[in-house]
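Asks: The structure's right below; bear with me while I get my questions together.
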Protein chains: 2
Amino acid sequence: MKMKLLATLMAAVICGAMIAACSPPKAEMVKGAKIPDGTVDPAVWGKAYPEEYETWKNTADPTPVGKSKYKKGNDGGETFDKLSEYPFNALLFNGWGFGIEYNEPRGHVHMLKDQLDVDSSRVKAGGSCLTCKTPYAPALAEKYGVDYFSKPYKEVLNLIPKEHQELGVSCIDCHNNRDMTLRISRGFTLGKALKKLGVDQTKMTNQDMRTLVCAQCHVSYVVQKNAEMKSQDVFFPWDESKWGRITIENIIKKIRSDKSYGEWTQSVTGFKLAFIRHPEFEMFSNNSVHWMAGVSCADCHMPYIKVGSRKISDHRIMSPLKNDFKACQQCHAESPEWLKNQVIAIQDRAASQFIRSGYALATVAKLFELTHKEQAAGKQIDKELYDKAKDHYEEGFYRNLFFGAENSLGFHNPTEAMRILGDASMHAAKAEGLLRQALAKAGVNVPVKIDLELSKYTNNRGAKKLMFNPKQELKDPF
Amino acid sequence: MKMKLLATLMAAVICGAMIAACSPPKAEMVKGAKIPDGTVDPAVWGKAYPEEYETWKNTADPTPVGKSKYKKGNDGGETFDKLSEYPFNALLFNGWGFGIEYNEPRGHVHMLKDQLDVDSSRVKAGGSCLTCKTPYAPALAEKYGVDYFSKPYKEVLNLIPKEHQELGVSCIDCHNNRDMTLRISRGFTLGKALKKLGVDQTKMTNQDMRTLVCAQCHVSYVVQKNAEMKSQDVFFPWDESKWGRITIENIIKKIRSDKSYGEWTQSVTGFKLAFIRHPEFEMFSNNSVHWMAGVSCADCHMPYIKVGSRKISDHRIMSPLKNDFKACQQCHAESPEWLKNQVIAIQDRAASQFIRSGYALATVAKLFELTHKEQAAGKQIDKELYDKAKDHYEEGFYRNLFFGAENSLGFHNPTEAMRILGDASMHAAKAEGLLRQALAKAGVNVPVKIDLELSKYTNNRGAKKLMFNPKQELKDPF
């Protein structure tokens with residue numbers, strides 16, 4: 001009996017230790033170092049919290065090569081071109097900046113620099129583009145209102161102090177300077193969006209905040225335009241969704257509900273379309289297993305590291321795959337090899353569905369191109385078939401886009417990702433069928449296999465004349 | 001230091017206890033009771049192992065109502081009609097027994113009785129149909145050879161001793177009578193199939209056997225026919241696959257490779273097709289997370305129960321959902337409610353993809369019906385489009401069939417199931433498009449929405465005039 005009691009006690013102690021290991025360590029300030037209110041400069045914060053600051057600076061370093069099959073980030077210091085990885089997207093995004101230069105993200109320290117380097121068409125929306133890139137965004141939005149969103153990018157950039165015009169996400173974006181508690185600095189975007197979900201920000205736990213500070217930027221958004229196509233606001237299309245259930249269906253419904261949400265014109269089809277960016281929070285929080293297990297973004301992407309005798313959250317935020325699954329092993333006892341096999345199994349299946357639906361959509365886009373050419377030449381195209389095909393095409397496109405913009409290749413929510421891709425495939429192929437029927441009805445002969453003319457889209461992109469890099473292509477694993 | 005050592009030691013003891021809890025308990029024979037070699041009668045085995053015998057007999061009992069959303073089995077003693085659950089299958093399976101009467105499985109004790117009760121068209125393949133239903137199958141196949149497979153069902157049934165003509169899977173199917181070790185009784189089916197995978201049966205561990213005894217029947221198979229369409233053999237289409245990687249692609253390749261594997265003619269399309277049954281082992285063992293974690297079928301479907309002070313494997317084999325997740329809780333600390341939410345999240349997503357691809361396939365089937373009608377009326381249909389459409393249709397059909405025949409609604413291997421369904425949807429919609437084009441080219445006007453005439457297929461089925469039961473329909477949750 002005594003032994004049993006002792007065993008129970010010891011088990012409790014061990015479990016307690018395990019939970020503590022998974023919990024965020026408490027930040028400890030270096031004595032004497034104070035951070036004045038309103039300080040943006042990370043170096044000043046770094047005097048008080050040198051280890052966190054140093055690991056944050058490490059996001060500038062190349063990530064190790066060969067650890068992650070799909071998400072390459074900054075592996076070996078190489079720039080990974082998403083349009084070479086998935087060539088169908090060069091065709092689908094042709095017509096604006098994303099079809100010219102679209103690279104894998106390299107790390108927090110680089111984010112604003114990368115925005116300055118990327119083809120300038122990517123920042124045509126103006127100051128809006130700085131919303132997640134500079135720690136000055138909240139202050140600029142507060143001070144300049146609509147002007148902040150609408151004025152040319154470079155003009156708004158110049159409102160930032162010279163020495164910080166290349167400074168990406170920093171301490172102040174997530175922390176209170178006085179006590180290091182987490183805070184939402186993006187009240188004007190995430191704050192408003194949480195209200196749509198009916199969430200009371202003041203009631204969020206620290207663990208919630210370990211996800212929400214990331215959700216300030218790792219979400220999709222709409223750059224709202226006025227009649228003159230000038231940017232007016234940046235908002236998250238979370239209407240009709242709930243906390244833990246932001247659905248692709250609701251997002252698409254919202255972004256298709258108003259023509260002014262159309263940000264660009266897809267050149268192959270001529271359609272004015274909206275766009276979706278990095279919806280990590282939406283994907284992860286939609287009833288995924290890790291979300292339901294109470295895991296936060298920081299648990300996996302900022303696992304604790306030991307500095308001397310202390311533990312700190314690793315501010316070198318990156319994929320757990322590149323860190324030999326240390327983050328996973330806080331909760332999962334399996335070996336890194338075992339864990340990697342599971343991640344890759346999921347990602348392979350998702351990548352296959354992504355690539356298949358992507359090529360199916362590219363095929364439809366080319367069929368629309370043909371249809372429009374035939375219409376211009378005087379052919380009558382059945383309106384009902386055309387409209388229905390267009391509807392399916394857009395529904396499929398946004399789903400494929402959602403998955404492709406999300407930075408986990410399905411891992412953040414495997415079955416939800418696969419559901420979205422399955423629907424993308426179905427919509428794409430349905431659109432193809434209706435167009436084939438409409439064209440045949442108009443007497444146009446359409447071959448079984450459609451030539452996508454990919455090299456037209458993958459090569460000589462933009463001022464830099466960017467070319468397809470076959471070594472970076474990620475092929476269908478099935 | 002001493003404390004740390006003690007803690008480590010205690011942790012080891014606790015972990016050891018946990019692993020032991022997950023391991024199969026050792027069967028203990030009641031003293032004096034011996035089972036003579038060759039004994040089939042479960043009651044005789046039951047004298048030596050009364051608890052296992054009693055729980056096996058409990059598979060006759062109705063399963064509890066409301067625990068499982070999708071797999072209903074024998075809930076409340078009701079018979080669940082799979083063609084009412086998924087009405088598109090009434091259309092797709094129309095043309096043979098599965099399109100007349102196809103019920104959810106009720107439990108091991110009922111299996112042979114249910115085969116006698118089901119519409120007799122379901123046992124047209126002859127003695128072959130008994131391969132998994134009677135413990136006498138191995139002996140009959142051994143003794144009668146091809147005759148066992150080919151002779152009429154009732155004739156072969158009468159070779160079984162009268163008192164066991166309603167006896168389903170029993171002790172002898174999985175156990176050695178002398179020491180209760182697990183054994184493969186179906187050498188003539190599973191034994192041969194394992195050889196195809198390059199697996200040496202003699203090297204299987206006990207944990208492997210806790211899956212393989214189930215894999216004797218919970219697999220798909222082909223009833224091989226001769227030129228006169230007489231059954232010759234039952235084999236598993238595992239050619240070109242590997243242990244842990246029996247793929248849908250390889251299965252379809254095999255079953256499409258020889259016309260003699262076609263077992264039936266789909267009435268709506270007129271196509272001679274193969275069929276797929278309950279591929280639980282194939283789905284589960286294809287790099288699923290539980291398979292990779294070393295979990296066996298018995299771990300989840302035969303969790304230990306306490307009988308007095310002893311533990312036994314529950315021989316009332318059923319879904320862990322109907323058992324309040326006791327099986328899951330051997331390894332997962334979460335509450336039954338939490339676990340159920342995760343299972344249903346996976347199953348809802350999979351069910352949606354299954355139902356969507358199913359209706360897409362039913363639509364294609366109706367378009368083939370229309371195409372054939374138009375051909376009969378003299379319309380010229382483009383051969384290339386037709387052939388390609390047929391190819392896509394069959395590829396899609398077999399994938400949807402594989403998922404629908406598998407008894408876990410995706411849970412046994414979530415992302416693989418979703419991958420299969422995504423491809424099913426894509427193939428279905430591609431087929432639809434090519435047919436629409438071919439028909440339009442031939443001057444046939446095809447409406448956007450195709451009338452499936454479902455009631456033609458769901459009602460008045462077979463001699464029993466079985467009707468659609470709307471209360472049993474499982475609707476797309478998205």
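Ordering of the structure tokens sets the chain letters (A, B, ...); residue numbers start at 1 within each chain; ligands are numbered from 1 in the order shown.
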For chain B versus chain A, which residues have an atom no more than 6 Å away, and what is each residue's nearest atom pair and distance in Å rounded to one decimal, using only C-alpha atoms, chain-then-number order, as a Markdown table?
Replies:
| residue | atom | partner | partner_atom | distance |
| --- | --- | --- | --- | --- |
| B:Arg349 | CA | A:Arg419 | CA | 6.0 |
| B:Thr415 | CA | A:Thr415 | CA | 5.9 |
| B:Met418 | CA | A:Met418 | CA | 5.8 |
| B:Arg419 | CA | A:Arg349 | CA | 6.0 |
| B:Gly422 | CA | A:Gly422 | CA | 4.1 |
| B:Ser425 | CA | A:Met426 | CA | 5.4 |
| B:Met426 | CA | A:Met426 | CA | 5.3 |
| B:Ala429 | CA | A:Ala429 | CA | 5.0 |
| B:Lys430 | CA | A:Ala429 | CA | 5.3 |
| B:Gly433 | CA | A:Gly433 | CA | 3.0 |
| B:Arg436 | CA | A:Gln437 | CA | 5.0 |
| B:Gln437 | CA | A:Gln437 | CA | 4.2 |
| B:Ala440 | CA | A:Lys441 | CA | 5.0 |
| B:Lys441 | CA | A:Ala440 | CA | 5.0 |
Asks: Within region 43-92 of chain B, find each residue whose DSSP state, derived from the backbone, is helix (DSSP H, G or I), and express the selection as a list in words.
Replies: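 The helix (DSSP H, G or I) residues within region 43-92 of chain B come out as Ala43, Val44, Trp45, Gly46, Lys47, Ala48, Pro50, Glu51, Glu52, Tyr53, Glu54, Thr55, Trp56, Lys57, Asn58, Thr59, Ala60, Lys82, Leu83, Ser84, Glu85, Phe88, Asn89, Ala90, Leu91 and Leu92 of chain B.
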Asks: Tell me, in Å to one decimal, how far CA of Lys326 (chain A) is from CA of Lys306 (chain A).
Replies: 12.1 Å
Asks: If we count only C-alpha atoms and set the cut-off at 8 Å, which residues sit around Tyr457 (chain A), ignoring sequence neighbours fewer than 5 positions away in its own chain? Please answer as a VMD selection string.
Replies: chain A and resid 90 to 91 94 99
Asks: Kindly indicate which residue among A:Lys456, A:Lys311, A:Arg399, A:Lys31 lies nearest to Glu51 (chain A), using only C-alpha atoms for the distances.
Replies: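 That would be A:Lys311, the residue with the smallest distance to Glu51 (chain A).
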Asks: Can you pull out the residues contacting Thr39 (chain A)? Cut-off 9 Å, using only C-alpha atoms, and skip same-chain residues under 6 positions away; I want them as a list of chain:residue names.
Replies: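 Close residues of Thr39 (chain A): A:Trp45, A:Ile172, A:Asn177.
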Asks: Excluding region 54-68 of chain A and residues on its chain fewer than 5 positions from it, collect all residues at most 8 Å away from it, counting only C-alpha atoms, and give them as a VMD selection string.
Replies: chain A and resid 46 73 to 78 106 to 110 314 to 318 321 to 322 324
Asks: Output C-alpha atoms for every residue in that selection, as an mmCIF file, in the first residue's frame.
Replies:
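Heads up, here's the output in selection-v1.cif:
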data_model
loop_
_atom_site.group_PDB
_atom_site.id
_atom_site.type_symbol
_atom_site.label_atom_id
_atom_site.label_comp_id
_atom_site.auth_asym_id
_atom_site.auth_seq_id
_atom_site.Cartn_x
_atom_site.Cartn_y
_atom_site.Cartn_z
ATOM 1 C CA GLY A 46 18.135 42.353 -26.072
ATOM 2 C CA GLY A 73 12.646 28.173 -46.241
ATOM 3 C CA ASN A 74 16.235 29.295 -46.112
ATOM 4 C CA ASP A 75 17.905 25.883 -46.402
ATOM 5 C CA GLY A 76 21.602 26.262 -47.035
ATOM 6 C CA GLY A 77 21.066 29.963 -47.733
ATOM 7 C CA GLU A 78 19.393 29.163 -51.066
ATOM 8 C CA ARG A 106 13.270 32.745 -45.104
ATOM 9 C CA GLY A 107 12.828 33.780 -41.488
ATOM 10 C CA HIS A 108 11.677 36.685 -39.355
ATOM 11 C CA VAL A 109 14.852 38.744 -39.557
ATOM 12 C CA HIS A 110 14.670 38.750 -43.345
ATOM 13 C CA ASP A 314 13.705 29.427 -28.796
ATOM 14 C CA HIS A 315 13.057 32.653 -30.701
ATOM 15 C CA ARG A 316 14.632 31.163 -33.785
ATOM 16 C CA ILE A 317 11.205 30.258 -35.035
ATOM 17 C CA MET A 318 11.262 27.521 -37.641
ATOM 18 C CA LEU A 321 11.618 19.217 -38.943
ATOM 19 C CA LYS A 322 14.704 21.407 -39.205
ATOM 20 C CA ASP A 324 15.348 17.285 -35.477
#
Asks: Might you pull out every residue within 8 Å of Leu409 (chain A), with only C-alpha atoms counted and same-chain residues fewer than 2 positions away left off, and present them as a compact mmCIF listing (two decimals) with all heavy atoms, in the first residue's frame?
Replies:
# COMPACT_ATOMS: atom_id res chain seq x y z
N TYR A 70 9.56 19.32 -48.03
CA TYR A 70 8.75 20.28 -48.79
C TYR A 70 9.04 21.74 -48.46
O TYR A 70 9.31 22.52 -49.34
CB TYR A 70 7.26 19.98 -48.59
CG TYR A 70 6.85 18.68 -49.26
CD1 TYR A 70 6.71 17.50 -48.55
CD2 TYR A 70 6.65 18.64 -50.63
CE1 TYR A 70 6.37 16.31 -49.18
CE2 TYR A 70 6.31 17.46 -51.27
CZ TYR A 70 6.16 16.29 -50.54
OH TYR A 70 5.82 15.13 -51.17
N LYS A 71 8.95 22.08 -47.18
CA LYS A 71 9.15 23.48 -46.83
C LYS A 71 10.63 23.74 -46.68
O LYS A 71 11.26 23.29 -45.72
CB LYS A 71 8.41 23.81 -45.53
CG LYS A 71 6.90 23.72 -45.63
CD LYS A 71 6.31 24.54 -46.74
CE LYS A 71 6.44 26.04 -46.52
NZ LYS A 71 5.80 26.80 -47.62
N GLN A 347 2.49 14.68 -45.52
CA GLN A 347 2.82 15.71 -46.51
C GLN A 347 2.86 15.15 -47.93
O GLN A 347 2.46 15.83 -48.88
CB GLN A 347 4.14 16.39 -46.15
CG GLN A 347 4.02 17.24 -44.87
CD GLN A 347 5.27 18.03 -44.57
OE1 GLN A 347 6.38 17.62 -44.88
NE2 GLN A 347 5.10 19.19 -43.93
N ALA A 350 -0.72 14.86 -49.08
CA ALA A 350 -1.28 16.19 -49.32
C ALA A 350 -0.64 16.82 -50.56
O ALA A 350 -1.34 17.42 -51.39
CB ALA A 350 -1.10 17.06 -48.10
N ALA A 351 0.67 16.69 -50.69
CA ALA A 351 1.36 17.28 -51.84
C ALA A 351 0.79 16.70 -53.13
O ALA A 351 0.58 17.42 -54.11
CB ALA A 351 2.86 17.02 -51.75
N PHE A 403 -4.58 25.99 -49.65
CA PHE A 403 -3.62 24.96 -49.23
C PHE A 403 -2.19 25.37 -49.57
O PHE A 403 -1.28 25.21 -48.76
CB PHE A 403 -3.94 23.62 -49.91
CG PHE A 403 -2.94 22.56 -49.54
CD1 PHE A 403 -3.15 21.75 -48.44
CD2 PHE A 403 -1.77 22.39 -50.27
CE1 PHE A 403 -2.21 20.80 -48.07
CE2 PHE A 403 -0.82 21.44 -49.91
CZ PHE A 403 -1.05 20.64 -48.81
N GLY A 404 -1.99 25.88 -50.78
CA GLY A 404 -0.64 26.20 -51.24
C GLY A 404 -0.03 27.36 -50.47
O GLY A 404 1.20 27.43 -50.33
N GLU A 406 -0.66 27.97 -47.33
CA GLU A 406 -0.51 27.55 -45.95
C GLU A 406 0.84 26.86 -45.80
O GLU A 406 1.19 25.99 -46.61
CB GLU A 406 -1.66 26.61 -45.59
CG GLU A 406 -2.06 26.60 -44.14
CD GLU A 406 -1.23 25.67 -43.27
OE1 GLU A 406 -0.61 24.73 -43.81
OE2 GLU A 406 -1.19 25.90 -42.05
N ASN A 407 1.58 27.20 -44.77
CA ASN A 407 2.97 26.77 -44.70
C ASN A 407 3.22 25.45 -43.97
O ASN A 407 4.21 25.33 -43.24
CB ASN A 407 3.82 27.89 -44.09
CG ASN A 407 4.10 28.99 -45.10
OD1 ASN A 407 4.68 28.74 -46.15
ND2 ASN A 407 3.65 30.20 -44.80
N PHE A 411 0.27 19.46 -42.70
CA PHE A 411 0.53 18.90 -41.37
C PHE A 411 -0.28 19.57 -40.27
O PHE A 411 -0.67 18.91 -39.31
CB PHE A 411 2.02 18.94 -41.03
CG PHE A 411 2.27 18.24 -39.73
CD1 PHE A 411 2.32 16.85 -39.67
CD2 PHE A 411 2.37 18.94 -38.53
CE1 PHE A 411 2.47 16.18 -38.47
CE2 PHE A 411 2.53 18.27 -37.32
CZ PHE A 411 2.59 16.90 -37.29
N HIS A 412 -0.54 20.86 -40.40
CA HIS A 412 -1.26 21.55 -39.33
C HIS A 412 -2.67 21.00 -39.11
O HIS A 412 -3.26 21.21 -38.05
CB HIS A 412 -1.35 23.05 -39.62
CG HIS A 412 -0.06 23.79 -39.41
ND1 HIS A 412 0.27 24.94 -40.08
CD2 HIS A 412 1.00 23.52 -38.60
CE1 HIS A 412 1.47 25.36 -39.68
NE2 HIS A 412 1.93 24.51 -38.79
Asks: Give me the residues near Leu140 (chain A) as JSON, numbers by chain, where near means some atom within 9 Å (using only C-alpha atoms) and where sequence neighbours in that chain fewer than 5 positions away do not count.
Replies: {"A": [145, 148, 156, 159, 160]}
Asks: Could you write those residues out with all heavy atoms, as an mmCIF file, in the first residue's frame?
Replies:
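Output below, filename result37.cif:
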data_model
loop_
_atom_site.group_PDB
_atom_site.id
_atom_site.type_symbol
_atom_site.label_atom_id
_atom_site.label_comp_id
_atom_site.auth_asym_id
_atom_site.auth_seq_id
_atom_site.Cartn_x
_atom_site.Cartn_y
_atom_site.Cartn_z
ATOM 1 N N GLY A 145 -4.304 56.542 -40.718
ATOM 2 C CA GLY A 145 -5.610 56.028 -41.138
ATOM 3 C C GLY A 145 -5.562 55.440 -42.540
ATOM 4 O O GLY A 145 -4.634 54.719 -42.889
ATOM 5 N N TYR A 148 -2.406 55.364 -44.637
ATOM 6 C CA TYR A 148 -1.412 54.309 -44.392
ATOM 7 C C TYR A 148 -1.637 53.141 -45.351
ATOM 8 O O TYR A 148 -0.695 52.599 -45.924
ATOM 9 C CB TYR A 148 -1.480 53.832 -42.941
ATOM 10 C CG TYR A 148 -0.911 52.436 -42.755
ATOM 11 C CD1 TYR A 148 0.466 52.221 -42.765
ATOM 12 C CD2 TYR A 148 -1.758 51.327 -42.626
ATOM 13 C CE1 TYR A 148 0.991 50.936 -42.643
ATOM 14 C CE2 TYR A 148 -1.240 50.050 -42.508
ATOM 15 C CZ TYR A 148 0.125 49.859 -42.515
ATOM 16 O OH TYR A 148 0.637 48.604 -42.414
ATOM 17 N N VAL A 156 5.145 55.088 -47.684
ATOM 18 C CA VAL A 156 4.842 54.709 -46.292
ATOM 19 C C VAL A 156 6.096 54.161 -45.619
ATOM 20 O O VAL A 156 6.359 54.449 -44.445
ATOM 21 C CB VAL A 156 3.676 53.695 -46.235
ATOM 22 C CG1 VAL A 156 3.344 53.328 -44.791
ATOM 23 C CG2 VAL A 156 2.441 54.268 -46.931
ATOM 24 N N LEU A 159 8.179 56.588 -43.880
ATOM 25 C CA LEU A 159 7.688 57.136 -42.612
ATOM 26 C C LEU A 159 8.309 56.399 -41.420
ATOM 27 O O LEU A 159 8.204 56.839 -40.277
ATOM 28 C CB LEU A 159 6.161 57.042 -42.540
ATOM 29 C CG LEU A 159 5.390 57.805 -43.635
ATOM 30 C CD1 LEU A 159 3.907 57.461 -43.582
ATOM 31 C CD2 LEU A 159 5.606 59.314 -43.470
ATOM 32 N N ILE A 160 8.933 55.274 -41.715
ATOM 33 C CA ILE A 160 9.610 54.482 -40.679
ATOM 34 C C ILE A 160 11.012 55.063 -40.493
ATOM 35 O O ILE A 160 11.661 55.427 -41.481
ATOM 36 C CB ILE A 160 9.704 52.999 -41.124
ATOM 37 C CG1 ILE A 160 8.297 52.410 -41.309
ATOM 38 C CG2 ILE A 160 10.521 52.173 -40.144
ATOM 39 C CD1 ILE A 160 8.282 51.033 -41.955
#
Asks: Report the distance between CA of Phe88 (chain A) and CA of Ala362 (chain A) in Å, rounded to one decimal place.
Replies: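 These two atoms are separated by 6.1 Å.
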Asks: One number please: CA of Arg310 (chain B) to CA of Pro336 (chain B), in Å, one decimal.
Replies: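 Pair CA of Arg310 (chain B) / CA of Pro336 (chain B) returns 24.3 Å.
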Asks: With distances taken over only C-alpha atoms, which residue among A:Ser231, A:Asn250, A:Asn226, A:Ser220 lies nearest Thr189 (chain A)?
Replies: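 Of A:Ser231, A:Asn250, A:Asn226, A:Ser220, the one nearest Thr189 (chain A), counting only C-alpha atoms, is A:Ser220.
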